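Chemist: Dropping in run_9.cif, which is mmCIF, C-alpha atoms:
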```
data_query
#
loop_
_atom_site.label_atom_id
_atom_site.label_comp_id
_atom_site.auth_asym_id
_atom_site.auth_seq_id
_atom_site.Cartn_x
_atom_site.Cartn_y
_atom_site.Cartn_z
CA MET Y 1 0.00 0.00 0.00
CA SER Y 2 1.43 3.40 -1.00
CA GLU Y 3 2.04 5.98 1.69
CA VAL Y 4 -0.58 8.73 1.97
CA LYS Y 5 0.76 12.03 0.65
CA LYS Y 6 1.28 14.73 3.26
CA ASN Y 7 1.83 18.46 3.04
CA TYR Y 8 -1.05 19.30 0.76
CA LYS Y 9 -1.56 23.01 0.30
CA ILE Y 10 -4.90 24.39 1.44
CA GLY Y 11 -6.12 27.95 1.07
CA ILE Y 12 -8.74 29.68 3.23
CA ASP Y 13 -10.43 32.95 2.31
CA ALA Y 14 -10.12 34.77 5.64
CA ARG Y 15 -10.78 38.32 4.50
CA PHE Y 16 -13.72 38.35 6.94
CA TYR Y 17 -11.46 37.26 9.83
CA GLY Y 18 -12.17 39.03 13.14
CA PRO Y 19 -14.51 41.92 14.04
CA VAL Y 20 -14.23 43.44 10.56
CA GLY Y 21 -16.44 40.63 9.27
CA LYS Y 22 -19.06 40.73 12.07
CA GLY Y 23 -20.84 37.33 12.26
CA LEU Y 24 -18.89 35.97 9.30
CA GLY Y 25 -15.76 37.23 10.99
CA ARG Y 26 -16.51 35.21 14.11
CA TYR Y 27 -17.01 32.05 12.04
CA THR Y 28 -13.86 32.62 9.98
CA GLN Y 29 -11.67 33.44 12.97
CA GLU Y 30 -12.79 30.48 15.05
CA LEU Y 31 -12.40 28.12 12.10
CA VAL Y 32 -8.98 29.33 10.91
CA ASP Y 33 -7.43 29.47 14.39
CA ARG Y 34 -8.56 25.96 15.24
CA ILE Y 35 -7.82 24.25 11.92
CA ILE Y 36 -4.21 25.44 11.72
CA SER Y 37 -3.77 24.21 15.28
CA LEU Y 38 -5.36 20.82 14.57
CA ASP Y 39 -3.67 19.99 11.26
CA LYS Y 40 0.00 19.11 11.73
CA ASP Y 41 0.50 17.73 8.20
CA ASN Y 42 -0.76 20.17 5.60
CA LYS Y 43 0.36 23.63 4.57
CA TYR Y 44 -2.08 26.56 4.74
CA VAL Y 45 -2.35 29.82 2.85
CA ILE Y 46 -4.53 32.30 4.71
CA PHE Y 47 -5.84 35.09 2.49
CA LEU Y 48 -6.45 38.27 4.51
CA SER Y 49 -7.59 41.84 3.91
CA PRO Y 50 -5.69 45.04 4.79
CA ALA Y 51 -8.10 45.45 7.75
CA ASN Y 52 -7.13 42.16 9.41
CA PHE Y 53 -3.73 41.20 7.97
CA ASP Y 54 -1.83 42.32 11.08
CA GLN Y 55 -4.51 41.00 13.43
CA PHE Y 56 -3.93 37.40 12.31
CA GLU Y 57 -0.72 36.18 13.93
CA THR Y 58 0.89 32.76 13.77
CA ASN Y 59 4.28 31.18 14.35
CA ASN Y 60 3.25 28.00 12.56
CA PRO Y 61 5.84 27.31 9.80
CA LEU Y 62 3.14 25.54 7.76
CA VAL Y 63 1.04 28.69 7.56
CA LYS Y 64 1.53 31.53 5.07
CA LYS Y 65 -0.29 34.88 5.11
CA VAL Y 66 -1.27 36.54 1.83
CA LEU Y 67 -2.60 40.09 1.60
CA VAL Y 68 -5.60 40.53 -0.72
CA LYS Y 69 -6.36 44.12 -1.66
CA ALA Y 70 -9.76 43.21 -3.02
CA ARG Y 71 -12.79 43.83 -0.86
CA TRP Y 72 -15.55 41.26 -0.84
CA TYR Y 73 -18.35 41.72 -3.43
CA SER Y 74 -16.08 43.98 -5.51
CA PHE Y 75 -14.93 43.97 -9.14
CA LYS Y 76 -11.34 43.53 -7.91
CA GLU Y 77 -12.42 40.39 -6.09
CA GLN Y 78 -13.55 38.90 -9.38
CA ILE Y 79 -10.42 39.86 -11.34
CA PHE Y 80 -7.40 39.97 -9.04
CA PHE Y 81 -8.20 37.54 -6.23
CA PRO Y 82 -8.34 34.50 -8.60
CA TRP Y 83 -4.81 35.32 -9.79
CA GLN Y 84 -3.51 35.35 -6.22
CA VAL Y 85 -5.16 31.99 -5.55
CA PHE Y 86 -3.74 30.56 -8.79
CA LYS Y 87 -0.20 31.67 -7.94
CA GLU Y 88 -0.25 29.67 -4.70
CA ARG Y 89 -0.78 26.35 -6.56
CA LEU Y 90 -3.28 25.11 -4.01
CA ASP Y 91 -4.63 21.57 -3.75
CA LEU Y 92 -7.87 22.86 -2.20
CA MET Y 93 -9.44 26.24 -1.48
CA HIS Y 94 -12.08 26.96 1.17
CA PHE Y 95 -14.30 29.99 0.62
CA THR Y 96 -15.97 30.84 3.92
CA HIS Y 97 -18.80 32.76 2.22
CA PHE Y 98 -20.69 32.47 -1.05
CA ASN Y 99 -18.62 35.15 -2.83
CA VAL Y 100 -16.48 32.76 -4.87
CA PRO Y 101 -14.88 34.59 -7.84
CA VAL Y 102 -16.23 33.33 -11.15
CA LEU Y 103 -12.69 32.95 -12.53
CA ILE Y 104 -11.55 30.55 -9.79
CA PHE Y 105 -10.44 27.22 -11.29
CA THR Y 106 -8.80 25.76 -8.20
CA LYS Y 107 -10.72 22.89 -6.59
CA PHE Y 108 -12.80 24.42 -3.79
CA ILE Y 109 -15.41 23.93 -1.10
CA VAL Y 110 -17.72 26.72 0.07
CA THR Y 111 -19.62 27.58 3.24
CA ILE Y 112 -23.12 28.93 2.64
CA HIS Y 113 -24.50 30.65 5.72
CA ASP Y 114 -27.84 31.70 4.26
CA LEU Y 115 -29.61 32.85 1.10
CA ILE Y 116 -30.62 36.27 2.40
CA LEU Y 117 -29.62 38.01 -0.82
CA VAL Y 118 -31.87 35.62 -2.75
CA ARG Y 119 -34.77 35.50 -0.32
CA PHE Y 120 -34.77 39.25 0.48
CA PRO Y 121 -33.98 41.12 -2.75
CA THR Y 122 -35.17 44.41 -1.34
CA LYS Y 123 -33.97 47.86 -2.36
CA LYS Y 124 -34.33 48.84 1.30
CA GLY Y 125 -31.18 46.86 1.98
CA SER Y 126 -29.07 49.09 -0.26
CA GLN Y 127 -28.10 52.71 -0.82
CA LEU Y 128 -27.71 52.12 -4.56
CA LYS Y 129 -29.97 53.49 -7.29
CA SER Y 130 -32.68 51.03 -8.35
CA TRP Y 131 -31.14 50.02 -11.70
CA LEU Y 132 -27.70 49.60 -10.17
CA TYR Y 133 -29.09 47.63 -7.25
CA ARG Y 134 -30.94 45.34 -9.68
CA LEU Y 135 -27.75 44.76 -11.65
CA LYS Y 136 -25.80 44.00 -8.48
CA TYR Y 137 -28.53 41.61 -7.30
CA LEU Y 138 -28.33 39.66 -10.55
CA ALA Y 139 -24.55 39.51 -10.20
CA TYR Y 140 -24.88 38.19 -6.62
CA ARG Y 141 -27.32 35.53 -7.77
CA LEU Y 142 -24.99 34.42 -10.56
CA VAL Y 143 -22.04 34.21 -8.17
CA ILE Y 144 -24.03 32.12 -5.66
CA PHE Y 145 -25.33 29.84 -8.41
CA LEU Y 146 -21.85 29.20 -9.81
CA ALA Y 147 -20.39 28.68 -6.34
CA VAL Y 148 -23.01 26.04 -5.55
CA LEU Y 149 -22.67 24.42 -8.98
CA ARG Y 150 -18.86 24.22 -9.06
CA ALA Y 151 -18.01 23.50 -5.41
CA LYS Y 152 -16.81 19.99 -4.58
CA LYS Y 153 -18.67 20.27 -1.30
CA ILE Y 154 -21.07 22.78 0.23
CA MET Y 155 -21.02 23.36 3.96
CA ALA Y 156 -24.38 24.63 5.27
CA VAL Y 157 -24.56 25.97 8.82
CA SER Y 158 -28.04 24.52 9.48
CA ASN Y 159 -30.56 22.08 8.06
CA PHE Y 160 -32.71 25.10 7.29
CA THR Y 161 -29.99 26.50 5.02
CA LYS Y 162 -29.52 23.09 3.42
CA GLN Y 163 -33.23 22.89 2.58
CA ASP Y 164 -33.11 26.44 1.25
CA LEU Y 165 -30.27 25.44 -1.09
CA LEU Y 166 -32.10 22.33 -2.25
CA GLN Y 167 -35.21 24.35 -3.04
CA GLU Y 168 -33.41 27.19 -4.80
CA PHE Y 169 -30.74 25.34 -6.78
CA ARG Y 170 -30.50 22.03 -8.58
CA VAL Y 171 -28.02 20.35 -6.30
CA LYS Y 172 -27.89 16.83 -4.88
CA ALA Y 173 -28.55 16.55 -1.16
CA GLU Y 174 -25.37 14.51 -0.60
CA LYS Y 175 -23.29 17.42 -1.88
CA ILE Y 176 -24.34 19.49 1.15
CA ASN Y 177 -22.88 18.85 4.59
CA VAL Y 178 -24.54 20.49 7.62
CA THR Y 179 -21.87 21.78 9.99
CA TYR Y 180 -23.20 23.83 12.87
CA GLU Y 181 -21.31 26.86 14.10
CA GLY Y 182 -20.17 27.13 17.70
CA VAL Y 183 -20.66 29.55 20.56
CA SER Y 184 -17.63 31.59 21.56
CA ASN Y 185 -16.61 32.10 25.16
CA LEU Y 186 -16.89 35.87 25.14
CA GLN Y 187 -16.76 36.27 28.91
CA ALA Y 188 -14.70 39.37 29.57
CA LYS Y 189 -11.46 38.97 31.52
CA THR Y 190 -10.52 41.76 33.91
CA GLU Y 191 -6.95 41.79 35.16
CA GLU Y 192 -7.35 43.85 38.31
CA LYS Y 193 -10.95 43.98 39.47
CA GLU Y 194 -14.45 43.34 38.34
CA LEU Y 195 -16.04 46.10 36.31
CA ASP Y 196 -18.45 48.25 38.26
CA ASP Y 197 -21.88 47.42 36.81
CA LYS Y 198 -23.35 50.80 37.64
CA GLU Y 199 -20.45 52.57 35.96
CA VAL Y 200 -20.90 50.53 32.77
CA LEU Y 201 -24.65 51.05 32.70
CA ASN Y 202 -24.25 54.81 33.21
CA ARG Y 203 -21.92 54.87 30.22
CA TYR Y 204 -24.91 53.91 28.08
CA ASN Y 205 -27.52 56.03 29.88
CA VAL Y 206 -28.99 53.04 31.69
CA ARG Y 207 -29.85 53.04 35.41
CA GLU Y 208 -29.41 49.98 37.61
CA GLU Y 209 -33.13 49.88 38.29
CA ASP Y 210 -34.08 50.00 34.59
CA LYS Y 211 -35.88 46.97 33.18
CA PHE Y 212 -34.80 46.53 29.59
CA LEU Y 213 -34.84 44.27 26.54
CA LEU Y 214 -31.55 43.93 24.69
CA TYR Y 215 -30.72 43.50 21.01
CA VAL Y 216 -27.16 43.10 19.71
CA GLY Y 217 -26.48 43.07 16.00
CA ASN Y 218 -26.79 45.00 12.77
CA ALA Y 219 -29.86 46.80 11.47
CA TYR Y 220 -30.16 45.26 8.01
CA PRO Y 221 -33.80 45.08 6.82
CA HIS Y 222 -34.18 41.32 7.35
CA LYS Y 223 -33.27 41.84 11.02
CA ASN Y 224 -36.68 43.54 11.35
CA LEU Y 225 -35.76 46.29 13.79
CA GLU Y 226 -38.58 48.37 12.32
CA GLY Y 227 -41.02 45.67 13.44
CA LEU Y 228 -39.32 45.49 16.83
CA LEU Y 229 -39.83 49.22 17.40
CA LYS Y 230 -43.53 48.92 16.55
CA ILE Y 231 -43.89 46.00 18.97
CA PHE Y 232 -41.95 47.85 21.65
CA LYS Y 233 -44.06 50.98 21.19
CA GLN Y 234 -47.11 49.05 22.39
CA LEU Y 235 -45.21 47.28 25.17
CA SER Y 236 -43.82 50.58 26.49
CA GLU Y 237 -47.35 51.94 26.89
CA LYS Y 238 -48.12 49.17 29.41
CA ASN Y 239 -44.72 48.68 31.04
CA ASP Y 240 -41.90 50.71 32.54
CA LEU Y 241 -39.50 49.22 30.02
CA LYS Y 242 -36.57 50.22 27.83
CA LEU Y 243 -35.08 48.76 24.66
CA ILE Y 244 -31.32 48.84 24.16
CA LEU Y 245 -30.05 48.41 20.61
CA VAL Y 246 -26.34 47.59 20.36
CA GLY Y 247 -24.68 47.89 16.97
CA GLN Y 248 -22.19 49.91 14.98
CA VAL Y 249 -23.73 53.16 13.75
CA ASP Y 250 -24.27 53.04 9.98
CA TYR Y 251 -26.80 53.97 7.30
CA PHE Y 252 -29.25 51.29 8.46
CA TYR Y 253 -29.09 52.22 12.14
CA GLU Y 254 -29.59 55.90 11.25
CA ARG Y 255 -32.82 54.92 9.51
CA ILE Y 256 -33.97 53.04 12.61
CA LYS Y 257 -33.21 56.12 14.73
CA VAL Y 258 -35.50 58.19 12.50
CA LEU Y 259 -38.33 55.69 12.98
CA ALA Y 260 -37.75 55.68 16.75
CA GLN Y 261 -38.07 59.47 16.72
CA ASP Y 262 -41.27 59.26 14.68
CA LEU Y 263 -42.67 56.82 17.24
CA GLU Y 264 -41.63 59.21 20.05
CA LEU Y 265 -39.33 56.58 21.56
CA PHE Y 266 -36.06 58.39 21.00
CA GLN Y 267 -34.99 62.03 21.13
CA ALA Y 268 -31.28 61.57 22.00
CA GLU Y 269 -31.99 62.27 25.68
CA SER Y 270 -31.28 60.28 28.84
CA ALA Y 271 -34.99 59.64 29.37
CA ASP Y 272 -35.39 57.86 26.01
CA LYS Y 273 -37.24 54.55 25.93
CA VAL Y 274 -34.99 53.28 23.14
CA ILE Y 275 -31.24 53.60 23.62
CA PHE Y 276 -28.78 53.34 20.73
CA THR Y 277 -25.38 52.49 22.16
CA GLY Y 278 -23.29 52.17 18.99
CA TYR Y 279 -20.39 49.73 19.24
CA VAL Y 280 -19.97 48.13 22.69
CA PRO Y 281 -16.83 46.16 23.68
CA ASP Y 282 -17.27 42.60 24.97
CA LYS Y 283 -16.43 43.52 28.56
CA ASP Y 284 -19.31 46.02 28.63
CA LEU Y 285 -21.61 43.64 26.76
CA ASP Y 286 -21.21 41.15 29.60
CA VAL Y 287 -22.77 43.68 31.97
CA LEU Y 288 -25.62 44.49 29.59
CA PHE Y 289 -26.39 40.79 29.13
CA SER Y 290 -26.33 40.18 32.89
CA LYS Y 291 -28.68 43.09 33.58
CA ALA Y 292 -31.09 42.63 30.65
CA TYR Y 293 -34.51 41.19 31.38
CA ALA Y 294 -34.25 39.35 28.07
CA TYR Y 295 -32.49 39.34 24.72
CA ILE Y 296 -34.94 39.90 21.85
CA PHE Y 297 -34.33 38.73 18.28
CA PRO Y 298 -37.06 39.78 15.80
CA SER Y 299 -35.41 38.60 12.55
CA PHE Y 300 -37.42 37.53 9.51
CA TYR Y 301 -34.65 35.21 8.34
CA GLU Y 302 -31.50 33.63 9.78
CA GLY Y 303 -29.28 30.87 8.45
CA PHE Y 304 -28.01 29.99 11.93
CA GLY Y 305 -28.68 32.59 14.63
CA LEU Y 306 -25.48 33.08 16.60
CA PRO Y 307 -26.44 36.22 18.63
CA PRO Y 308 -29.24 34.60 20.66
CA LEU Y 309 -26.99 31.62 21.41
CA GLU Y 310 -24.31 33.97 22.69
CA ALA Y 311 -26.98 35.61 24.87
CA MET Y 312 -27.96 32.20 26.26
CA SER Y 313 -24.31 31.45 27.04
CA LYS Y 314 -24.29 34.50 29.31
CA GLY Y 315 -27.42 33.53 31.21
CA CYS Y 316 -29.71 35.93 29.36
CA PRO Y 317 -33.13 34.48 28.39
CA VAL Y 318 -34.11 34.78 24.73
CA ILE Y 319 -37.32 35.99 23.13
CA SER Y 320 -37.05 35.04 19.45
CA SER Y 321 -38.76 35.24 16.11
CA ASP Y 322 -40.09 31.87 14.95
CA LYS Y 323 -38.74 32.34 11.41
CA GLY Y 324 -35.82 30.88 9.46
CA SER Y 325 -33.44 28.52 11.25
CA LEU Y 326 -34.18 29.90 14.71
CA PRO Y 327 -36.56 27.14 15.96
CA GLU Y 328 -34.03 24.54 14.74
CA ILE Y 329 -31.05 26.18 16.42
CA LEU Y 330 -32.63 27.48 19.63
CA GLY Y 331 -35.05 24.60 20.23
CA SER Y 332 -37.19 24.84 23.36
CA ALA Y 333 -34.69 27.19 25.02
CA ALA Y 334 -36.28 30.32 23.51
CA TYR Y 335 -39.70 31.95 23.79
CA TYR Y 336 -41.07 32.50 20.29
CA PHE Y 337 -43.28 35.04 18.55
CA ASN Y 338 -44.34 35.67 14.96
CA PRO Y 339 -42.57 38.87 13.83
CA LYS Y 340 -45.13 39.43 11.07
CA LYS Y 341 -48.04 39.73 13.51
CA THR Y 342 -47.42 42.75 15.71
CA ASP Y 343 -50.47 42.56 17.98
CA GLU Y 344 -49.98 38.84 18.58
CA ALA Y 345 -46.29 39.40 19.33
CA VAL Y 346 -47.14 42.12 21.85
CA LEU Y 347 -49.50 39.77 23.72
CA LYS Y 348 -46.92 36.97 23.83
CA ILE Y 349 -44.10 39.20 24.99
CA GLN Y 350 -46.34 40.82 27.58
CA TYR Y 351 -47.03 37.35 28.98
CA PHE Y 352 -43.27 36.75 29.20
CA LEU Y 353 -42.73 40.06 31.00
CA GLU Y 354 -45.27 39.04 33.63
CA ASN Y 355 -43.99 35.49 34.13
CA GLU Y 356 -40.74 35.29 36.11
CA ASP Y 357 -40.95 31.49 36.37
CA LEU Y 358 -40.90 31.21 32.58
CA ARG Y 359 -37.92 33.55 32.44
CA GLN Y 360 -35.93 31.45 34.92
CA LYS Y 361 -36.76 28.21 33.09
CA LEU Y 362 -35.49 29.71 29.84
CA ILE Y 363 -32.24 30.82 31.48
CA ALA Y 364 -31.59 27.21 32.57
CA LYS Y 365 -32.59 25.76 29.21
CA GLY Y 366 -30.41 28.28 27.41
CA ARG Y 367 -27.30 27.26 29.33
CA ASP Y 368 -27.91 23.64 28.32
CA ARG Y 369 -28.74 24.48 24.70
CA VAL Y 370 -25.46 26.24 23.95
CA LYS Y 371 -23.56 23.07 24.88
CA LEU Y 372 -24.74 21.60 21.56
CA TYR Y 373 -22.67 24.10 19.56
CA ASN Y 374 -18.91 23.87 19.77
CA TRP Y 375 -16.32 25.58 17.57
CA GLN Y 376 -13.85 22.72 18.04
CA THR Y 377 -16.43 20.28 16.69
CA CYS Y 378 -17.06 22.63 13.76
CA ALA Y 379 -13.32 22.75 13.00
CA ASN Y 380 -12.92 18.97 13.27
CA LYS Y 381 -15.78 18.34 10.84
CA THR Y 382 -14.42 20.95 8.44
CA LEU Y 383 -10.97 19.37 8.49
CA GLU Y 384 -12.55 15.97 7.75
CA ILE Y 385 -14.16 17.49 4.66
CA TYR Y 386 -10.82 18.94 3.54
CA LYS Y 387 -9.23 15.50 3.73
CA GLN Y 388 -11.98 13.99 1.59
CA TYR Y 389 -11.01 16.23 -1.33
CA LEU Y 390 -7.20 16.22 -1.10
#
```
Take the structure I supplied and represent it as structure tokens, if you would.

Modeler:
Amino acid sequence: MSEVKKNYKIGIDARFYGPVGKGLGRYTQELVDRIISLDKDNKYVIFLSPANFDQFETNNPLVKKVLVKARWYSFKEQIFFPWQVFKERLDLMHFTHFNVPVLIFTKFIVTIHDLILVRFPTKKGSQLKSWLYRLKYLAYRLVIFLAVLRAKKIMAVSNFTKQDLLQEFRVKAEKINVTYEGVSNLQAKTEEKELDDKEVLNRYNVREEDKFLLYVGNAYPHKNLEGLLKIFKQLSEKNDLKLILVGQVDYFYERIKVLAQDLELFQAESADKVIFTGYVPDKDLDVLFSKAYAYIFPSFYEGFGLPPLEAMSKGCPVISSDKGSLPEILGSAAYYFNPKKTDEAVLKIQYFLENEDLRQKLIAKGRDRVKLYNWQTCANKTLEIYKQYL
């Protein structure tokens, strides 16, 4: 029997690596860090962006960093990135998102997190003019279609995403492997002393006695923060309650602020019912999670649903939309509502607010639920797939 060849050369598109890539960045960082630690045989080429090239550090002699000056979804990505991949003479390439350049001819696998761009082709999700947005949408759809068609293997992050792929594209079920994401240990580490909770809360115009719902994430249209504000408007009329929205200020969050003003929930004053915090570091987030009455997730569509799992990991009960992959991922550890039925959602959430026993049961269930999702398991399964195609 011939000896199995070692030292294959594997490339990973890690341009999303770290905070720059938000949820995709978490997935990419956890995967890359663990795989290069697990695999002692093969060589790796990690393709990074100018924003995270210095952030990724390794002393592993089998790992090479390559700078890619081509932002995702760009024309440069389609033209110049394939050349950089080709020059490395890879045996296998892993694209951690659907944006596989059309001109890639290296054998590759791809991770598909969701089909949001296909399922929600809304102009509200873009600042582009209508004709340009339509053109870009068609380009996205072509790129996804070719990625799914040409990939040796597709990694879906949930059974929901797998079924979405099967319905949307002509692909055999055995070509798709469901590999769940993990839940990061984001617990803040303080070197000298514990953070003063009151001090942290004051930083975001929150009092210790405030009862509040918490949302952490972006404000893209499918996240349904407009619907959340309308639900919260009714809840705030019956309850002494606040809503804290944590997310980097951008075009989409500015639009949500305007709606909050129209609903008389926000006037940029300390007495506001809705508080926009902007970016919040993990150490402060720990305090917000610990003090929140619940984490609320009103999304119309999710391929996995990492934020509510991270809330559960911190002992924060979750009130969730019943759409997309969320019932699959969160199971019985979340309290669900239909985000498309505002009045019904208000009644359900009101019941939650009045039922402390339910809240405590969900905290316990949440801590157990997150144990099902482990980044090391995700990395192990991914590495197994690599070896199948080397």

Chemist: Using the chain letters and numbers from the file, give me the residues hit by the PyMOL selection byres ((chain Y and resi 315) around 8), as a VMD selection string.

Modeler: chain Y and resid 289 to 290 311 to 314 316 to 317 363 to 364 366 to 367

Chemist: Pull out every residue that the PyMOL selection byres ((chain Y and resi 11) around 8) matches in the shown coordinates and put them as a PyMOL selection string.

Modeler: chain Y and resi 9-10+12-13+44-47+85+90+92-94

Chemist: On this file, the PyMOL selection byres ((chain Y and resi 74) around 12) gives some set of residues; write that set as an mmCIF file with C-alpha atoms, in the frame of the given file.

Modeler:
```cif
data_model
loop_
_atom_site.group_PDB
_atom_site.id
_atom_site.type_symbol
_atom_site.label_atom_id
_atom_site.label_comp_id
_atom_site.auth_asym_id
_atom_site.auth_seq_id
_atom_site.Cartn_x
_atom_site.Cartn_y
_atom_site.Cartn_z
ATOM 1 C CA LYS Y 69 -6.360 44.120 -1.660
ATOM 2 C CA ALA Y 70 -9.760 43.210 -3.020
ATOM 3 C CA ARG Y 71 -12.790 43.830 -0.860
ATOM 4 C CA TRP Y 72 -15.550 41.260 -0.840
ATOM 5 C CA TYR Y 73 -18.350 41.720 -3.430
ATOM 6 C CA PHE Y 75 -14.930 43.970 -9.140
ATOM 7 C CA LYS Y 76 -11.340 43.530 -7.910
ATOM 8 C CA GLU Y 77 -12.420 40.390 -6.090
ATOM 9 C CA GLN Y 78 -13.550 38.900 -9.380
ATOM 10 C CA ILE Y 79 -10.420 39.860 -11.340
ATOM 11 C CA PHE Y 80 -7.400 39.970 -9.040
ATOM 12 C CA PHE Y 81 -8.200 37.540 -6.230
ATOM 13 C CA ASN Y 99 -18.620 35.150 -2.830
ATOM 14 C CA VAL Y 100 -16.480 32.760 -4.870
ATOM 15 C CA PRO Y 101 -14.880 34.590 -7.840
ATOM 16 C CA LYS Y 136 -25.800 44.000 -8.480
ATOM 17 C CA ALA Y 139 -24.550 39.510 -10.200
ATOM 18 C CA TYR Y 140 -24.880 38.190 -6.620
ATOM 19 C CA VAL Y 143 -22.040 34.210 -8.170
#
```

Chemist: Between atom CA of Y:Phe105 and atom CA of Y:Gln84, what is the distance in Å, rounded to a tenth?

Modeler: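 Atom CA of Y:Phe105 sits 11.8 Å away from atom CA of Y:Gln84.
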
Chemist: Could you list as a list in words every residue that has an atom within 10 Å of (-41.1, 48.0, 33.1), using the file's coordinates and counting all atoms listed in the file?

Modeler: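 Final list of nearby residues, as requested, is Glu209, Asp210, Lys211, Phe212, Leu213, Leu235, Ser236, Glu237, Lys238, Asn239, Asp240, Leu241, Lys242, Tyr293, Leu353 and Glu354 of chain Y.
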
Chemist: Give me the residues near Y:Pro307 as a PyMOL selection string, where near means some atom within 10 Å (using all atoms listed in the file) and where sequence neighbours in that chain fewer than 5 positions away do not count.

Modeler: chain Y and resi 23+183+215-217+295-297+312-313+318

Chemist: For each of Y:Phe232, Y:Trp375, Y:Tyr253, Y:Phe95, take the minimum atom-to-atom distance to Y:Tyr180, counting only C-alpha atoms, then give the residue where this is smallest.

Modeler: Y:Trp375

Chemist: Using all atoms listed in the file, which of the listed residues (Y:Leu383, Y:Ala151, Y:Ile231, Y:Gly182) sits closest to Y:Arg369?

Modeler: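 Closest candidate: Y:Gly182.
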
Chemist: Closest to Y:Thr382 among Y:Phe169, Y:Pro50, Y:Thr179, Y:Val63, using all atoms listed in the file?

Modeler: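 Closest to Y:Thr382, using all atoms listed in the file: Y:Thr179.
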
Chemist: Give the answer as one residue: which of Y:Ala260, Y:Ile349, Y:Leu229, Y:Leu372 has the shortest atom-to-atom distance to Y:Ile329, using all atoms listed in the file?

Modeler: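 Among the listed residues, Y:Leu372 lies closest to Y:Ile329.
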
Chemist: Would you mind listing what lies within 12 Å of Y:Gln163 as a list in words, with all atoms listed in the file counted and same-chain residues fewer than 3 positions away left out?

Modeler: Ile112, Asp114, Leu115, Ala156, Val157, Ser158, Asn159, Phe160, Leu166, Gln167, Glu168, Phe169, Arg170, Val171, Lys172, Ala173, Glu174, Ile176, Asn177, Val178, Gly303, Gly324 and Ser325 of chain Y

Chemist: Quick one: of Y:Thr342, Y:Asn380, Y:Gln248, Y:Ser320, who's nearest to Y:Leu362, counting all atoms listed in the file?

Modeler: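 Among the listed residues, Y:Ser320 lies closest to Y:Leu362.
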
Chemist: For Y:Gln234, which of Y:Leu330, Y:Leu263, Y:Ile36, Y:Val200 is the closest residue, counting only C-alpha atoms?

Modeler: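 Using only C-alpha atoms, the shortest distance to Y:Gln234 belongs to Y:Leu263.
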
Chemist: What is the distance between atom CA of Y:Glu254 and atom CA of Y:Lys223, in Å to one decimal?

Modeler: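 Between atom CA of Y:Glu254 and atom CA of Y:Lys223 the gap works out to 14.5 Å.
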
Chemist: Got a sec: who's within 8 Å of Y:Ile35, counting only C-alpha atoms, leaving out chain neighbours fewer than 3 positions off, as a list in words?

Modeler: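 Everything that qualifies: Leu31, Val32, Leu38, Asp39, Ala379, Asn380 and Leu383 of chain Y.
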
Chemist: Give me, as a ChimeraX atom specification, all polymer residues having an atom no more than 12 Å from Y:Lys340, counting only C-alpha atoms and skipping those fewer than 2 positions away in the same chain.

Modeler: /Y:222,224-228,230-231,298-301,321-323,337-338,342-346
